[in-house]
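Take a look at the structure below.
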Amino acid sequence: MYKSTLAQLSIALESKKISSEELTRLYIERCNKHNNSLNCFITITEEEALKKARQADKKRASGDYNLLTGIPIAQKDIFCTNGTRTTCGSKMLDNFVAPYDATLIKKMNDAGLIMLGKTNMDEFAMGSSNETSFYGPVKNPWDDCRVPGGSSGGSASAVAARLSPAATGTDTGGSIRQPSSFCGITGLKPTYGRVSRYGMVAFASSLDQGGPMTQTAEDAALIMNIIAGFDEHDSTSTEKPTDNYTEKLNNSIRGLKIGLPKQYFDESLDNNIAEVIENGLKELEKLGAKCVDVELPHTELSIPAYYVVAPAECSSNLSRYDGVRFGHRCKEPKDLSDLYCRSRQEGFGKEVKRRIMTGTYVLSAGYYDAYYIKAQKIRQIISNDFQNVFKNVDIIAGPTTTGVAFKLNEKLNDPISMYLSDLYTVSVNLAGLPAISVPSGFINKLPVGMQLIGNYFQESLLMNVAHQYQKVTDWHQKIPQAYE
């Protein structure tokens with residue numbers, strides 16, 4: 001049963017093949033058994049999960065339930081959950097218990113989904129390997145000597161090892177799609193503003209976006225039907241009506257035009273990755289889609305632009321952690337200045353400090369125009385590149401990452417190399433577009449993801465294409481042997 005998708009589990013609960021309590025116990029047992037080796041959960045909420053599972057069974061018995069009522073899910077530890085510790089993978093928030101639910105959490109609770117626990121992550125979502133967490137690195141279930149990707153690596157690892165049928169993640173520069181690729185699962189980054197950010201601890205406010213990490217595109221659509229929509233608590237939330245994301249999953253993709261950016265298939269791409277992606281594109285062509293070459297000429301500027309904009313916003317957002325109102329506080333401060341300095345010095349890790357310092361520098365007098373304003377101008381140029389391409393194609397396709405999951409500690413002390421691994425993902429965040437990563441093959445027993453990018457609010461189309469692809473391939477069904 002633990003190998004089942006959300007759609008299959010819904011049917012199993014409906015037919016009374018299994019109860020929610022039995023299902024929840026099954027996943028909790030797997031979490032307790034494997035979490036020591038994977039380190040994908042910071043907190044496992046066993047008692048509360050079983051309590052809600054029993055309530056879900058009563059609701060199903062009374063006829064008062066939704067499609068996913070009683071199904072367990074893992075939540076990234078960046079979403080505030082009322083009464084449960086929310087750490088963001090940082091010592092700074094090690095003792096923080098949220099007094100309210102994030103909108104995403106509330107919507108899932110209202111739909112009857114059951115939280116198994118909070119997943120490990122790069123500290124304050126800053127990282128591409130899940131090695132910057134105060135609680136230690138997460139391991140990739142396909143090879144425990146390798147990273148699962150980041151920052152949503154705990155969620156990706158948990159779903160890949162089937163410790164949870166699905167999970168949530170956040171994507172600021174690829175942090176849903178890149179770990180989904182490294183771990184062989186499906187990960188959707190929605191259009192900016194499509195899913196509320198209220199209660200999601202901020203890293204870079206103009207880039208952050210929450211989304212589903214699942215086994216299949218169908219499951220992602222089921223989750224999107226719950227979490228998407230306007231939220232009056234979030235000023236960046238769009239009032240544009242949401243789709244029924246499962247409605248168009250089975251539409252034919254015959255005649256679909258897929259753009260292949262030349263900049264995504266140049267010498268920076270591993271030849272083996274290129275071959276896997278090309279094979280995936282051939283499957284889409286068999287389904288009637290047509291691939292055409294396109295240009296995204298300013299792709300190479302996306303990394304430097306992103307690593308100016310994101311740290312600048314991080315510097316501003318993390319200034320609230322001062323040891324006064326909540327979070328870590330140093331012992332016996334001499335004065336207010338000492339309280340601020342030592343609390344932040346002790347509470348933040350190296351990567352967070354690096355980005356705060358970078359962000360503070362580019363926002364400082366004399367450098368604001370030279371760096372931050374210039375990066376914002378480049379951001380608009382990158383967005384314009386995408387819009388020019390979408391005049392002629394329906395979606396864009398390419399690799400999610402430049403290579404497969406790298407080894408633990410391989411890039412931890414080489415931040416530039418780590419940043420460059422986000423080459424194909426950060427431009428999507430800069431433009432605010434939706435994108436999905438789907439499992440497309442393996443290289444040396446390590447998963448490879450193919451990325452599909454859509455125009456604004458085209459999540460339905462992306463999941464339609466991904467679902468059609470998954471109907472003719474079985475990469476998404478593969479499970480690491482150690483967790484079979």
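The chains in the structure tokens are called A, B, ... from first to last as shown; in each chain the residues are counted from 1, and the ligands are counted from 1 in the order shown.
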
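Residues in contact range of Ser133 of chain A, defined as at most 6 Å between only C-alpha atoms, with sequence neighbours fewer than 6 positions away removed, read Gly89, Met121, Asp122 and Glu123 of chain A.
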
- Message: Using only C-alpha atoms, which protein or nucleic acid residues come within 12 Å of Lys411 of chain A? Drop anything in the same chain fewer than 3 positions from it, and give the result as a count of residues only.
- Response: 21

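When the distance limit is 12 Å and only C-alpha atoms are what count, the residues near Lys106 of chain A, minus those fewer than 4 positions from it on the same chain, are Gln75, Phe79, Cys80, Thr81, Asn82, Tyr100, Asp101, Ala102, Asp110, Ala111, Gly112, Leu113, Ile114, Met115, Ser196, Tyr198, Gly199, Met200, Ile226, Ile227 and Asp231 of chain A.
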
Any chance you can output those residues with C-alpha atoms as an mmCIF file, in the first residue's frame?
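Below you can see selection.cif, which holds the result:
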```
data_model
loop_
_atom_site.group_PDB
_atom_site.id
_atom_site.type_symbol
_atom_site.label_atom_id
_atom_site.label_comp_id
_atom_site.auth_asym_id
_atom_site.auth_seq_id
_atom_site.Cartn_x
_atom_site.Cartn_y
_atom_site.Cartn_z
ATOM 1 C CA GLN A 75 4.995 19.218 5.227
ATOM 2 C CA PHE A 79 5.225 26.314 6.776
ATOM 3 C CA CYS A 80 3.888 27.522 10.112
ATOM 4 C CA THR A 81 1.796 24.830 11.793
ATOM 5 C CA ASN A 82 -0.226 25.734 14.851
ATOM 6 C CA TYR A 100 -1.163 29.758 13.679
ATOM 7 C CA ASP A 101 -1.419 27.720 10.473
ATOM 8 C CA ALA A 102 -0.056 28.851 7.130
ATOM 9 C CA ASP A 110 -9.679 21.477 5.863
ATOM 10 C CA ALA A 111 -9.429 18.927 3.041
ATOM 11 C CA GLY A 112 -8.751 16.179 5.598
ATOM 12 C CA LEU A 113 -5.100 15.483 4.769
ATOM 13 C CA ILE A 114 -3.039 14.253 7.727
ATOM 14 C CA MET A 115 0.393 15.677 8.529
ATOM 15 C CA SER A 196 -0.562 31.694 -0.896
ATOM 16 C CA TYR A 198 0.941 33.488 4.107
ATOM 17 C CA GLY A 199 2.571 31.560 6.931
ATOM 18 C CA MET A 200 5.427 30.380 4.723
ATOM 19 C CA ILE A 226 -6.621 22.100 -2.658
ATOM 20 C CA ILE A 227 -3.848 24.662 -2.204
ATOM 21 C CA ASP A 231 -5.751 34.570 -0.124
#
```

What are the closest atom pairs, with distances in Å to one decimal, for each residue of segment 217-329 of chain A lying within 12 Å of segment 359-376 of chain A, using only C-alpha atoms, rows by chain and rising residue number, as a tab-separated table?
```
residue	atom	partner	partner_atom	distance
A:Leu301	CA	A:Ala375	CA	9.0
A:Ser302	CA	A:Ala375	CA	9.0
A:Ile303	CA	A:Ala375	CA	10.2
A:Pro304	CA	A:Ala375	CA	7.8
A:Ala305	CA	A:Ala375	CA	4.7
A:Tyr306	CA	A:Ala375	CA	7.5
A:Tyr307	CA	A:Gly359	CA	8.7
A:Val308	CA	A:Tyr372	CA	6.3
A:Val309	CA	A:Tyr372	CA	6.4
A:Ala310	CA	A:Gly359	CA	7.6
A:Pro311	CA	A:Gly359	CA	4.2
A:Ala312	CA	A:Gly359	CA	3.6
A:Glu313	CA	A:Gly359	CA	7.0
A:Cys314	CA	A:Gly359	CA	6.8
A:Ser315	CA	A:Gly359	CA	5.2
A:Ser316	CA	A:Thr360	CA	8.0
A:Asn317	CA	A:Gly359	CA	10.5
A:Leu318	CA	A:Gly359	CA	10.6
A:Ser319	CA	A:Thr360	CA	10.2
```

- Message: Residues near segment 262-278 of chain A, anyone? I mean within 12 Å using only C-alpha atoms, not counting same-chain ones fewer than 5 positions away, as JSON, numbers by chain.
- Response: {"A": [181, 182, 283, 284, 285, 291, 292, 293, 294, 295, 296, 297, 298, 299, 300, 301, 302, 396, 397, 398, 399, 400, 401, 402, 403, 404, 405, 420, 421, 422, 423, 424, 425, 427, 437, 438, 439, 440, 441, 442, 443, 444, 446, 447, 448, 449, 450, 451, 452, 475]}

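Put simply, atom CA of Ile223 of chain A is 12.7 Å away from atom CA of Thr242 of chain A.
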
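Here atom CA of Thr86 of chain A is placed at a distance of 17.4 Å from atom CA of Val138 of chain A.
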
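Taking only segment 54-125 of chain A, the residues that DSSP calls strand (DSSP E) from the backbone come to Pro72, Ile73, Ala74, Gln75, Lys76, Ile114, Met115, Leu116, Gly117, Lys118 and Thr119 of chain A.
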
Emit the selected residues as a PDB file, in the first residue's frame, including C-alpha atoms.
```pdb
ATOM      1  CA  PRO A  72      -1.088  11.259   5.087  1.00  0.00           C
ATOM      2  CA  ILE A  73       1.283  13.910   3.753  1.00  0.00           C
ATOM      3  CA  ALA A  74       4.593  15.459   4.824  1.00  0.00           C
ATOM      4  CA  GLN A  75       4.995  19.218   5.227  1.00  0.00           C
ATOM      5  CA  LYS A  76       8.201  21.132   4.621  1.00  0.00           C
ATOM      6  CA  ILE A 114      -3.039  14.253   7.727  1.00  0.00           C
ATOM      7  CA  MET A 115       0.393  15.677   8.529  1.00  0.00           C
ATOM      8  CA  LEU A 116       2.967  12.969   9.266  1.00  0.00           C
ATOM      9  CA  GLY A 117       5.594  15.514  10.266  1.00  0.00           C
ATOM     10  CA  LYS A 118       7.840  18.389   9.186  1.00  0.00           C
ATOM     11  CA  THR A 119      10.587  17.655   6.675  1.00  0.00           C
TER      12      THR A 119
END
```

- Query: Among segment 258-419 of chain A, which ones does DSSP place in helix (DSSP H, G or I), written as an MDAnalysis selection string?
  - Reply: chainID A and resid 262:264 271:286 299:320 336:347 350:363 368:389 415:419

Generate the output file for the selected residues, C-alpha atoms, as an mmCIF file, in the first residue's frame.
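What ended up in out_27.cif:
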```cif
data_model
loop_
_atom_site.group_PDB
_atom_site.id
_atom_site.type_symbol
_atom_site.label_atom_id
_atom_site.label_comp_id
_atom_site.auth_asym_id
_atom_site.auth_seq_id
_atom_site.Cartn_x
_atom_site.Cartn_y
_atom_site.Cartn_z
ATOM 1 C CA LYS A 262 19.576 26.168 -27.410
ATOM 2 C CA GLN A 263 21.032 27.579 -24.190
ATOM 3 C CA TYR A 264 19.737 24.529 -22.263
ATOM 4 C CA ASN A 271 26.121 14.459 -22.395
ATOM 5 C CA ASN A 272 24.388 11.629 -20.554
ATOM 6 C CA ILE A 273 21.742 14.038 -19.210
ATOM 7 C CA ALA A 274 21.213 15.355 -22.732
ATOM 8 C CA GLU A 275 20.618 11.815 -24.023
ATOM 9 C CA VAL A 276 18.032 11.087 -21.314
ATOM 10 C CA ILE A 277 16.166 14.331 -22.060
ATOM 11 C CA GLU A 278 16.250 13.677 -25.800
ATOM 12 C CA ASN A 279 14.715 10.247 -25.211
ATOM 13 C CA GLY A 280 12.006 11.868 -23.129
ATOM 14 C CA LEU A 281 11.275 14.382 -25.877
ATOM 15 C CA LYS A 282 10.959 11.543 -28.386
ATOM 16 C CA GLU A 283 8.188 10.061 -26.228
ATOM 17 C CA LEU A 284 6.345 13.384 -26.348
ATOM 18 C CA GLU A 285 6.794 13.488 -30.116
ATOM 19 C CA LYS A 286 5.275 10.006 -30.370
ATOM 20 C CA THR A 299 19.937 32.613 -19.764
ATOM 21 C CA GLU A 300 23.566 32.984 -18.675
ATOM 22 C CA LEU A 301 22.627 36.175 -16.801
ATOM 23 C CA SER A 302 20.019 34.413 -14.663
ATOM 24 C CA ILE A 303 22.490 33.092 -12.069
ATOM 25 C CA PRO A 304 24.209 36.437 -11.341
ATOM 26 C CA ALA A 305 20.858 38.285 -11.363
ATOM 27 C CA TYR A 306 19.292 35.745 -9.015
ATOM 28 C CA TYR A 307 22.217 35.822 -6.595
ATOM 29 C CA VAL A 308 21.818 39.575 -6.257
ATOM 30 C CA VAL A 309 18.031 39.725 -5.952
ATOM 31 C CA ALA A 310 17.597 36.711 -3.636
ATOM 32 C CA PRO A 311 20.282 37.671 -1.061
ATOM 33 C CA ALA A 312 19.027 41.276 -1.041
ATOM 34 C CA GLU A 313 15.527 40.118 -0.131
ATOM 35 C CA CYS A 314 16.920 37.555 2.310
ATOM 36 C CA SER A 315 18.916 40.291 4.060
ATOM 37 C CA SER A 316 15.736 42.289 4.525
ATOM 38 C CA ASN A 317 13.534 39.359 5.573
ATOM 39 C CA LEU A 318 15.985 37.892 8.085
ATOM 40 C CA SER A 319 16.558 41.195 9.860
ATOM 41 C CA ARG A 320 13.535 40.334 12.029
ATOM 42 C CA LEU A 336 21.274 45.494 23.214
ATOM 43 C CA SER A 337 23.997 45.529 20.584
ATOM 44 C CA ASP A 338 25.580 42.405 22.076
ATOM 45 C CA LEU A 339 22.148 40.733 22.133
ATOM 46 C CA TYR A 340 21.631 41.389 18.435
ATOM 47 C CA CYS A 341 25.120 40.429 17.345
ATOM 48 C CA ARG A 342 25.575 37.246 19.345
ATOM 49 C CA SER A 343 22.017 35.985 18.825
ATOM 50 C CA ARG A 344 22.418 36.268 15.037
ATOM 51 C CA GLN A 345 25.975 34.971 15.095
ATOM 52 C CA GLU A 346 24.944 31.877 17.071
ATOM 53 C CA GLY A 347 21.577 31.361 15.375
ATOM 54 C CA LYS A 350 27.458 29.839 7.256
ATOM 55 C CA GLU A 351 25.362 29.904 4.077
ATOM 56 C CA VAL A 352 22.700 32.127 5.611
ATOM 57 C CA LYS A 353 25.363 34.533 6.889
ATOM 58 C CA ARG A 354 26.991 34.541 3.454
ATOM 59 C CA ARG A 355 23.738 35.531 1.779
ATOM 60 C CA ILE A 356 22.845 38.129 4.410
ATOM 61 C CA MET A 357 26.250 39.759 3.945
ATOM 62 C CA THR A 358 25.921 39.682 0.152
ATOM 63 C CA GLY A 359 22.412 41.087 0.286
ATOM 64 C CA THR A 360 23.333 43.838 2.721
ATOM 65 C CA TYR A 361 26.247 44.827 0.483
ATOM 66 C CA VAL A 362 24.204 45.097 -2.739
ATOM 67 C CA LEU A 363 21.563 47.159 -0.940
ATOM 68 C CA TYR A 368 22.204 49.744 -4.785
ATOM 69 C CA ASP A 369 22.127 51.157 -8.336
ATOM 70 C CA ALA A 370 25.204 49.232 -9.471
ATOM 71 C CA TYR A 371 23.936 45.837 -8.373
ATOM 72 C CA TYR A 372 20.330 45.585 -7.175
ATOM 73 C CA ILE A 373 18.696 47.907 -9.720
ATOM 74 C CA LYS A 374 20.763 46.397 -12.525
ATOM 75 C CA ALA A 375 19.765 42.861 -11.469
ATOM 76 C CA GLN A 376 16.094 43.864 -11.502
ATOM 77 C CA LYS A 377 16.499 45.222 -15.041
ATOM 78 C CA ILE A 378 18.105 41.951 -16.135
ATOM 79 C CA ARG A 379 15.217 40.116 -14.459
ATOM 80 C CA GLN A 380 12.776 41.948 -16.732
ATOM 81 C CA ILE A 381 14.874 41.133 -19.791
ATOM 82 C CA ILE A 382 14.820 37.423 -18.863
ATOM 83 C CA SER A 383 11.043 37.590 -18.435
ATOM 84 C CA ASN A 384 10.735 39.226 -21.861
ATOM 85 C CA ASP A 385 12.810 36.417 -23.395
ATOM 86 C CA PHE A 386 10.272 33.869 -22.153
ATOM 87 C CA GLN A 387 7.319 35.896 -23.420
ATOM 88 C CA ASN A 388 8.881 36.164 -26.881
ATOM 89 C CA VAL A 389 9.285 32.379 -26.983
ATOM 90 C CA PRO A 415 29.386 27.975 -3.264
ATOM 91 C CA ILE A 416 29.889 29.146 -6.859
ATOM 92 C CA SER A 417 29.788 25.569 -8.147
ATOM 93 C CA MET A 418 26.698 24.962 -6.004
ATOM 94 C CA TYR A 419 24.985 28.066 -7.382
#
```

- Query: Taking only C-alpha atoms into account, which of A:Gly323, A:Pro137, A:Gly229, A:Gly255 comes nearest Phe457 of chain A?
  - Reply: A:Gly229

- Message: Need the shell around Ser4 of chain A: protein/DNA/RNA residues with any atom at most 12 Å away, counting only C-alpha atoms. Skip same-chain ones fewer than 3 positions apart. Format as a VMD selection string?
- Response: chain A and resid 1 7 to 13 23 27 71 to 72 159 to 160 162 to 166 214 to 216 219 476 to 479

- Message: Restricting the calculation to only C-alpha atoms: of A:Leu38, A:Cys31, A:Ile78, A:Cys145, which residue gets closest to Gly169 of chain A?
- Response: A:Ile78

- Task: Find the residues near His467 of chain A: any atom within 7 Å, counting only C-alpha atoms, skip ones fewer than 2 places away on the same chain, and give them as a count of residues only.
- Result: 9
